[in-house]
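K.L.:
Here you go, target.csv (CSV, N, CA, C and O atoms):
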chain,number,residue,atom,x,y,z
V,1,GLY,N,37.3,253.0,-28.7
V,1,GLY,CA,38.0,252.0,-29.5
V,1,GLY,C,37.5,252.0,-30.9
V,1,GLY,O,36.7,252.8,-31.4
V,2,ARG,N,38.1,251.1,-31.7
V,2,ARG,CA,37.7,250.9,-33.1
V,2,ARG,C,36.3,250.2,-33.2
V,2,ARG,O,35.9,249.7,-32.2
V,3,LEU,N,35.7,250.3,-34.3
V,3,LEU,CA,34.4,249.7,-34.5
V,3,LEU,C,34.4,248.2,-34.2
V,3,LEU,O,33.4,247.6,-33.7
V,4,GLU,N,35.5,247.5,-34.5
V,4,GLU,CA,35.7,246.1,-34.3
V,4,GLU,C,35.9,245.7,-32.8
V,4,GLU,O,35.7,244.6,-32.4
V,5,HIS,N,36.3,246.7,-32.0
V,5,HIS,CA,36.5,246.5,-30.6
V,5,HIS,C,36.1,247.7,-29.8
V,5,HIS,O,36.8,248.7,-29.9
V,6,MET,N,35.0,247.6,-29.1
V,6,MET,CA,34.5,248.8,-28.4
V,6,MET,C,34.3,248.5,-27.0
V,6,MET,O,33.9,247.4,-26.6
V,7,LYS,N,34.5,249.5,-26.2
V,7,LYS,CA,34.2,249.4,-24.7
V,7,LYS,C,32.9,250.2,-24.6
V,7,LYS,O,32.7,251.2,-25.1
V,8,LEU,N,32.0,249.5,-23.9
V,8,LEU,CA,30.6,250.1,-23.7
V,8,LEU,C,30.5,250.5,-22.2
V,8,LEU,O,30.6,249.6,-21.4
V,9,HIS,N,30.2,251.8,-22.0
V,9,HIS,CA,30.1,252.2,-20.6
V,9,HIS,C,29.1,253.4,-20.6
V,9,HIS,O,29.4,254.4,-21.3
V,10,GLY,N,28.0,253.3,-19.9
V,10,GLY,CA,27.1,254.4,-19.9
V,10,GLY,C,25.7,254.0,-19.6
V,10,GLY,O,25.4,252.8,-19.2
V,11,ALA,N,24.8,254.9,-19.7
V,11,ALA,CA,23.4,254.7,-19.5
V,11,ALA,C,22.6,254.9,-20.8
V,11,ALA,O,22.8,256.0,-21.4
V,12,PHE,N,21.8,254.0,-21.1
V,12,PHE,CA,21.0,254.1,-22.3
V,12,PHE,C,19.5,254.4,-21.8
V,12,PHE,O,18.9,253.5,-21.2
V,13,LYS,N,19.1,255.6,-22.1
V,13,LYS,CA,17.7,256.0,-21.6
V,13,LYS,C,16.7,255.7,-22.8
V,13,LYS,O,16.9,256.2,-23.9
V,14,THR,N,15.7,254.9,-22.4
V,14,THR,CA,14.6,254.6,-23.4
V,14,THR,C,13.3,255.0,-22.7
V,14,THR,O,13.2,255.2,-21.5
V,15,PRO,N,12.2,255.0,-23.5
V,15,PRO,CA,10.9,255.2,-22.9
V,15,PRO,C,10.5,254.1,-21.9
V,15,PRO,O,9.7,254.4,-21.1
V,16,LEU,N,11.1,253.0,-22.0
V,16,LEU,CA,10.8,251.9,-21.0
V,16,LEU,C,11.6,251.9,-19.8
V,16,LEU,O,11.3,251.2,-18.8
V,17,GLY,N,12.7,252.7,-19.7
V,17,GLY,CA,13.5,252.8,-18.6
V,17,GLY,C,15.0,253.0,-19.0
V,17,GLY,O,15.3,253.0,-20.2
V,18,THR,N,15.8,253.1,-18.0
V,18,THR,CA,17.3,253.3,-18.2
V,18,THR,C,18.0,252.0,-18.0
V,18,THR,O,17.8,251.3,-17.0
V,19,LEU,N,18.9,251.6,-18.9
V,19,LEU,CA,19.8,250.5,-18.8
V,19,LEU,C,21.2,251.0,-18.6
V,19,LEU,O,21.7,251.8,-19.4
V,20,ARG,N,21.9,250.6,-17.6
V,20,ARG,CA,23.3,250.9,-17.4
V,20,ARG,C,24.1,249.8,-17.8
V,20,ARG,O,23.9,248.6,-17.5
V,21,VAL,N,25.1,250.1,-18.7
V,21,VAL,CA,26.0,249.0,-19.3
V,21,VAL,C,27.4,249.3,-19.0
V,21,VAL,O,27.9,250.5,-19.1
V,22,ASN,N,28.2,248.3,-18.7
V,22,ASN,CA,29.6,248.3,-18.6
V,22,ASN,C,30.2,247.0,-19.2
V,22,ASN,O,30.1,246.0,-18.6
V,23,GLY,N,30.8,247.1,-20.4
V,23,GLY,CA,31.2,245.9,-21.0
V,23,GLY,C,32.1,246.2,-22.3
V,23,GLY,O,32.5,247.3,-22.5
V,24,THR,N,32.3,245.1,-23.0
V,24,THR,CA,33.0,245.2,-24.3
V,24,THR,C,32.3,244.4,-25.4
V,24,THR,O,31.5,243.5,-25.1
V,25,MET,N,32.6,244.9,-26.6
V,25,MET,CA,32.0,244.2,-27.8
V,25,MET,C,33.2,244.1,-28.8
V,25,MET,O,33.9,245.0,-29.1
V,26,GLN,N,33.3,242.9,-29.4
V,26,GLN,CA,34.3,242.6,-30.4
V,26,GLN,C,33.6,242.1,-31.7
V,26,GLN,O,32.7,241.2,-31.5
V,27,ALA,N,34.0,242.6,-32.8
V,27,ALA,CA,33.3,242.1,-34.1
V,27,ALA,C,34.4,241.8,-35.1
V,27,ALA,O,35.5,242.2,-35.0
V,28,ASP,N,33.9,241.0,-36.1
V,28,ASP,CA,34.9,240.7,-37.2
V,28,ASP,C,34.8,241.9,-38.1
V,28,ASP,O,34.1,242.9,-37.9
V,29,SER,N,35.7,242.0,-39.1
V,29,SER,CA,35.8,243.2,-40.0
V,29,SER,C,34.5,243.5,-40.8
V,29,SER,O,34.4,244.6,-41.2
V,30,THR,N,33.7,242.5,-41.0
V,30,THR,CA,32.4,242.7,-41.7
V,30,THR,C,31.3,243.1,-40.8
V,30,THR,O,30.2,243.4,-41.3
V,31,LEU,N,31.5,243.0,-39.5
V,31,LEU,CA,30.5,243.3,-38.4
V,31,LEU,C,29.3,242.4,-38.5
V,31,LEU,O,28.2,242.7,-38.1
V,32,LYS,N,29.5,241.2,-39.1
V,32,LYS,CA,28.4,240.2,-39.1
V,32,LYS,C,28.5,239.2,-37.9
V,32,LYS,O,27.5,238.6,-37.6
V,33,TYR,N,29.6,239.2,-37.2
V,33,TYR,CA,29.7,238.3,-36.1
V,33,TYR,C,30.2,239.2,-34.9
V,33,TYR,O,31.3,239.8,-35.0
V,34,ILE,N,29.5,239.2,-33.8
V,34,ILE,CA,29.8,240.1,-32.7
V,34,ILE,C,29.8,239.3,-31.4
V,34,ILE,O,28.8,238.6,-31.1
V,35,ASP,N,30.9,239.4,-30.6
V,35,ASP,CA,30.9,238.9,-29.3
V,35,ASP,C,30.8,240.0,-28.3
V,35,ASP,O,31.3,241.1,-28.5
V,36,PHE,N,30.0,239.8,-27.2
V,36,PHE,CA,29.9,240.8,-26.2
V,36,PHE,C,30.0,240.2,-24.8
V,36,PHE,O,29.6,239.0,-24.6
V,37,THR,N,30.4,241.0,-23.8
V,37,THR,CA,30.5,240.6,-22.4
V,37,THR,C,30.4,241.8,-21.6
V,37,THR,O,30.8,242.9,-22.0
V,38,GLY,N,29.7,241.7,-20.4
V,38,GLY,CA,29.6,242.9,-19.6
V,38,GLY,C,28.5,242.8,-18.6
V,38,GLY,O,27.8,241.8,-18.5
V,39,ASN,N,28.3,243.9,-17.9
V,39,ASN,CA,27.3,244.0,-16.9
V,39,ASN,C,26.2,245.0,-17.3
V,39,ASN,O,26.5,246.0,-17.9
V,40,VAL,N,24.9,244.6,-17.0
V,40,VAL,CA,23.8,245.4,-17.3
V,40,VAL,C,23.0,245.5,-16.1
V,40,VAL,O,22.7,244.5,-15.4
V,41,SER,N,22.5,246.7,-15.8
V,41,SER,CA,21.6,246.9,-14.6
V,41,SER,C,20.5,247.9,-14.9
V,41,SER,O,20.7,248.8,-15.8
V,42,THR,N,19.4,247.7,-14.2
V,42,THR,CA,18.3,248.7,-14.3
V,42,THR,C,17.6,248.7,-12.9
V,42,THR,O,17.6,247.7,-12.2
V,43,LYS,N,17.0,249.8,-12.6
V,43,LYS,CA,16.2,249.9,-11.4
V,43,LYS,C,14.7,249.9,-11.6
V,43,LYS,O,14.0,249.4,-10.8
V,44,GLN,N,14.2,250.5,-12.7
V,44,GLN,CA,12.8,250.6,-12.9
V,44,GLN,C,12.6,250.4,-14.4
V,44,GLN,O,12.1,251.3,-15.1
V,45,PHE,N,12.8,249.2,-15.0
V,45,PHE,CA,12.6,249.0,-16.4
V,45,PHE,C,11.3,248.3,-16.6
V,45,PHE,O,10.9,247.4,-15.9
V,46,GLN,N,10.5,248.9,-17.5
V,46,GLN,CA,9.1,248.4,-17.8
V,46,GLN,C,9.2,247.1,-18.7
V,46,GLN,O,8.8,247.2,-19.9
V,47,LEU,N,9.5,246.0,-18.1
V,47,LEU,CA,9.6,244.8,-18.8
V,47,LEU,C,8.3,244.3,-19.3
V,47,LEU,O,8.2,243.8,-20.4
V,48,GLY,N,7.2,244.5,-18.6
V,48,GLY,CA,5.9,244.1,-19.0
V,48,GLY,C,5.5,244.8,-20.3
V,48,GLY,O,4.9,244.2,-21.2
V,49,SER,N,5.8,246.1,-20.5
V,49,SER,CA,5.5,246.8,-21.7
V,49,SER,C,6.4,246.3,-22.9
V,49,SER,O,5.8,246.1,-24.0
V,50,LEU,N,7.6,246.0,-22.6
V,50,LEU,CA,8.5,245.4,-23.7
V,50,LEU,C,7.9,244.1,-24.2
V,50,LEU,O,7.9,243.8,-25.4
V,51,LEU,N,7.5,243.2,-23.2
V,51,LEU,CA,7.0,241.9,-23.6
V,51,LEU,C,5.5,241.9,-23.9
V,51,LEU,O,4.9,240.8,-24.2
V,52,GLU,N,4.9,243.0,-23.8
V,52,GLU,CA,3.4,243.2,-24.1
V,52,GLU,C,2.6,242.3,-23.1
V,52,GLU,O,1.7,241.6,-23.5
V,53,ASN,N,3.0,242.3,-21.8
V,53,ASN,CA,2.4,241.4,-20.8
V,53,ASN,C,1.8,242.4,-19.8
V,53,ASN,O,2.5,243.0,-19.0
V,54,LYS,N,0.5,242.5,-19.8
V,54,LYS,CA,-0.2,243.5,-18.9
V,54,LYS,C,-0.1,243.1,-17.4
V,54,LYS,O,-0.3,243.9,-16.5
V,55,ASP,N,0.2,241.9,-17.1
V,55,ASP,CA,0.4,241.4,-15.7
V,55,ASP,C,1.7,241.7,-15.1
V,55,ASP,O,1.9,241.6,-13.9
V,56,LEU,N,2.7,242.1,-15.9
V,56,LEU,CA,4.0,242.3,-15.4
V,56,LEU,C,4.3,243.8,-15.5
V,56,LEU,O,4.1,244.5,-16.5
V,57,GLY,N,4.9,244.3,-14.4
V,57,GLY,CA,5.3,245.7,-14.4
V,57,GLY,C,6.8,246.0,-14.5
V,57,GLY,O,7.4,245.3,-15.3
V,58,CYS,N,7.3,246.8,-13.6
V,58,CYS,CA,8.7,247.1,-13.7
V,58,CYS,C,9.6,246.1,-13.0
V,58,CYS,O,9.1,245.4,-12.1
V,59,VAL,N,10.8,246.0,-13.4
V,59,VAL,CA,11.8,245.1,-12.8
V,59,VAL,C,13.1,245.9,-12.4
V,59,VAL,O,13.4,246.9,-13.0
V,60,ALA,N,13.8,245.4,-11.4
V,60,ALA,CA,15.1,245.9,-11.1
V,60,ALA,C,16.0,244.7,-11.1
V,60,ALA,O,15.8,243.7,-10.5
V,61,VAL,N,17.1,244.8,-12.0
V,61,VAL,CA,18.0,243.6,-12.2
V,61,VAL,C,19.4,244.1,-12.3
V,61,VAL,O,19.7,245.2,-12.9
V,62,ASP,N,20.3,243.3,-11.8
V,62,ASP,CA,21.8,243.4,-12.1
V,62,ASP,C,22.2,242.1,-12.8
V,62,ASP,O,21.9,241.0,-12.2
V,63,ALA,N,22.8,242.2,-13.9
V,63,ALA,CA,23.1,240.9,-14.7
V,63,ALA,C,24.5,241.0,-15.3
V,63,ALA,O,25.0,242.1,-15.7
V,64,HIS,N,25.1,239.9,-15.4
V,64,HIS,CA,26.4,239.7,-16.2
V,64,HIS,C,26.0,238.9,-17.4
V,64,HIS,O,25.4,237.8,-17.3
V,65,VAL,N,26.3,239.4,-18.6
V,65,VAL,CA,26.0,238.6,-19.8
V,65,VAL,C,27.2,238.4,-20.7
V,65,VAL,O,28.2,239.2,-20.7
V,66,ASP,N,27.2,237.2,-21.3
V,66,ASP,CA,28.3,236.8,-22.3
V,66,ASP,C,27.5,236.2,-23.5
V,66,ASP,O,26.7,235.4,-23.3
V,67,GLY,N,27.9,236.7,-24.7
V,67,GLY,CA,27.2,236.1,-25.8
V,67,GLY,C,27.7,236.5,-27.1
V,67,GLY,O,28.8,237.2,-27.2
V,68,SER,N,27.0,236.1,-28.2
V,68,SER,CA,27.5,236.4,-29.5
V,68,SER,C,26.2,236.5,-30.4
V,68,SER,O,25.2,236.0,-30.1
V,69,ILE,N,26.4,237.3,-31.4
V,69,ILE,CA,25.3,237.6,-32.4
V,69,ILE,C,25.9,237.3,-33.8
V,69,ILE,O,27.0,237.7,-34.1
V,70,ASP,N,25.1,236.5,-34.6
V,70,ASP,CA,25.5,236.2,-36.0
V,70,ASP,C,24.4,236.7,-36.9
V,70,ASP,O,23.3,236.2,-36.8
V,71,SER,N,24.7,237.6,-37.8
V,71,SER,CA,23.7,238.1,-38.7
V,71,SER,C,22.4,238.6,-38.0
V,71,SER,O,21.3,238.2,-38.4
V,72,VAL,N,22.5,239.3,-37.0
V,72,VAL,CA,21.5,239.9,-36.2
V,72,VAL,C,20.6,238.9,-35.5
V,72,VAL,O,19.4,239.1,-35.3
V,73,GLN,N,21.1,237.8,-35.1
V,73,GLN,CA,20.4,236.8,-34.3
V,73,GLN,C,21.3,236.4,-33.1
V,73,GLN,O,22.5,236.4,-33.3
V,74,PHE,N,20.7,236.2,-32.0
V,74,PHE,CA,21.5,235.7,-30.9
V,74,PHE,C,21.8,234.2,-31.1
V,74,PHE,O,20.9,233.4,-31.3
V,75,THR,N,23.0,233.9,-31.2
V,75,THR,CA,23.4,232.5,-31.4
V,75,THR,C,23.8,231.9,-30.1
V,75,THR,O,23.8,230.7,-30.0
V,76,ASN,N,24.2,232.7,-29.2
V,76,ASN,CA,24.7,232.2,-27.9
V,76,ASN,C,24.6,233.3,-26.9
V,76,ASN,O,25.1,234.4,-27.1
V,77,CYS,N,23.9,233.1,-25.7
V,77,CYS,CA,23.9,234.1,-24.7
V,77,CYS,C,23.8,233.4,-23.4
V,77,CYS,O,22.9,232.6,-23.2
V,78,LYS,N,24.7,233.8,-22.4
V,78,LYS,CA,24.6,233.3,-21.1
V,78,LYS,C,24.4,234.5,-20.2
V,78,LYS,O,25.1,235.6,-20.4
V,79,ALA,N,23.6,234.4,-19.2
V,79,ALA,CA,23.4,235.5,-18.3
V,79,ALA,C,23.3,235.0,-16.8
V,79,ALA,O,22.7,233.9,-16.6
V,80,LYS,N,23.9,235.7,-15.9
V,80,LYS,CA,23.8,235.4,-14.5
V,80,LYS,C,23.2,236.7,-13.9
V,80,LYS,O,23.8,237.8,-14.0
V,81,ALA,N,22.0,236.6,-13.3
V,81,ALA,CA,21.3,237.8,-12.9
V,81,ALA,C,20.8,237.7,-11.5
V,81,ALA,O,20.5,236.7,-11.0
V,82,HIS,N,20.8,238.9,-10.8
V,82,HIS,CA,20.2,239.0,-9.5
V,82,HIS,C,19.0,239.9,-9.7
V,82,HIS,O,19.1,241.1,-10.0
V,83,ILE,N,17.8,239.4,-9.6
V,83,ILE,CA,16.6,240.1,-9.7
V,83,ILE,C,16.2,240.7,-8.4
V,83,ILE,O,15.9,239.9,-7.5
V,84,GLN,N,16.2,242.0,-8.3
V,84,GLN,CA,15.9,242.6,-7.0
V,84,GLN,C,14.4,242.9,-6.8
V,84,GLN,O,13.9,242.9,-5.7
V,85,LYS,N,13.7,243.1,-7.9
V,85,LYS,CA,12.3,243.5,-7.8
V,85,LYS,C,11.6,243.1,-9.1
V,85,LYS,O,12.1,243.3,-10.1
V,86,ILE,N,10.3,242.6,-8.9
V,86,ILE,CA,9.4,242.4,-10.0
V,86,ILE,C,8.1,242.9,-9.6
V,86,ILE,O,7.5,242.4,-8.6
V,87,GLN,N,7.5,243.8,-10.3
V,87,GLN,CA,6.2,244.3,-9.9
V,87,GLN,C,5.1,243.6,-10.8
V,87,GLN,O,5.3,243.3,-11.9
V,88,GLU,N,4.0,243.3,-10.1
V,88,GLU,CA,2.9,242.7,-10.8
V,88,GLU,C,1.8,243.8,-10.9
V,88,GLU,O,1.7,244.7,-10.0
V,89,HIS,N,1.0,243.7,-11.9
V,89,HIS,CA,-0.2,244.6,-12.0
V,89,HIS,C,-1.4,243.9,-11.7
V,89,HIS,O,-1.6,242.7,-11.7
As structure tokens - that is how I would like this structure written.

P.N.:
Amino acid sequence: GRLEHMKLHGAFKTPLGTLRVNGTMQADSTLKYIDFTGNVSTKQFQLGSLLENKDLGCVAVDAHVDGSIDSVQFTNCKAKAHIQKIQEH
């Protein structure tokens, strides 16, 4: 799609784990206001490393998110998630 309206589908591989995304993103013409909705899942994401929490390990999550960003800040975000696994260290 165009930059103002994109379909997001795929796997984003990072050093912390892989995020699978299936959703949409809509932006105004200046790209300063963005709405997004979709599903995000991961099986072995190192959430503890992301949060710098040594007691928390990997998580497995399936989530549906709806939200918006204004000037690179989350202004509104709703998530409904099913947490399948949380590892402790």

K.L.:
Which of these, V:Ser71, V:Gln84, V:Thr14, V:Asn22, has the shortest distance to Leu50 (chain V) once you count only C-alpha atoms?

P.N.:
V:Thr14

K.L.:
Set the distance at 8 Å and use all atoms listed in the file: which residues neighbour region 38-48 of chain V once local chain neighbours fewer than 3 positions away are removed? I'd like the list as a ChimeraX atom specification.

P.N.:
/V:8-12,14-25,51-67,78-82,84-87

K.L.:
Of the candidates V:His5, V:Ser68, V:Ile83, V:His89, which one gets nearest to Phe36 (chain V) if we count all atoms listed in the file?

P.N.:
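Looking at the shortest contact to Phe36 (chain V), the residue is V:Ser68.
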
K.L.:
Do you have the CA of Thr75 (chain V)-CA of Ser49 (chain V) distance handy?

P.N.:
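Interatomic distance here is 24.9 Å.
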
K.L.:
Would you list, as a PyMOL selection string, the residues of chain V that end up in strand (DSSP E or B) under DSSP run on this structure's backbone?

P.N.:
chain V and resi 5-14+17-27+33-45+56-70+73-88

K.L.:
For the atom pair atom N of Leu31 (chain V) and CA of Cys77 (chain V), what is the interatomic distance in Å to one decimal place?

P.N.:
18.9 Å

K.L.:
Would you work out the distance separating atom O of Asn76 (chain V) from atom N of Lys13 (chain V), expressed in Å to one decimal?

P.N.:
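Calculated distance between atom O of Asn76 (chain V) and atom N of Lys13 (chain V) is 22.6 Å.
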
K.L.:
Applying 6 Å and only N, CA, C and O atoms, which residues near Ile34 (chain V) remain after dropping the ones on its own chain fewer than 5 positions away? List them as an MDAnalysis selection string.

P.N.:
chainID V and resid 26:28 67:70

K.L.:
With 5 Å of padding per side, what axis-aligned box (centre and edge lengths, Å, one decimal) covers all the listed atoms of region 48-52 of chain V? Give it as AutoDock Vina command-line options.

P.N.:
--center_x 5.1 --center_y 243.8 --center_z -22.0 --size_x 16.8 --size_y 16.0 --size_z 16.8

K.L.:
Any chance you could list, as a list in words, the residues in chain V that come up alpha helix (DSSP H) when DSSP is run on the backbone?

P.N.:
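Everything in chain V that counts as alpha helix (DSSP H) is Leu47, Gly48, Ser49, Leu50 and Leu51 of chain V.
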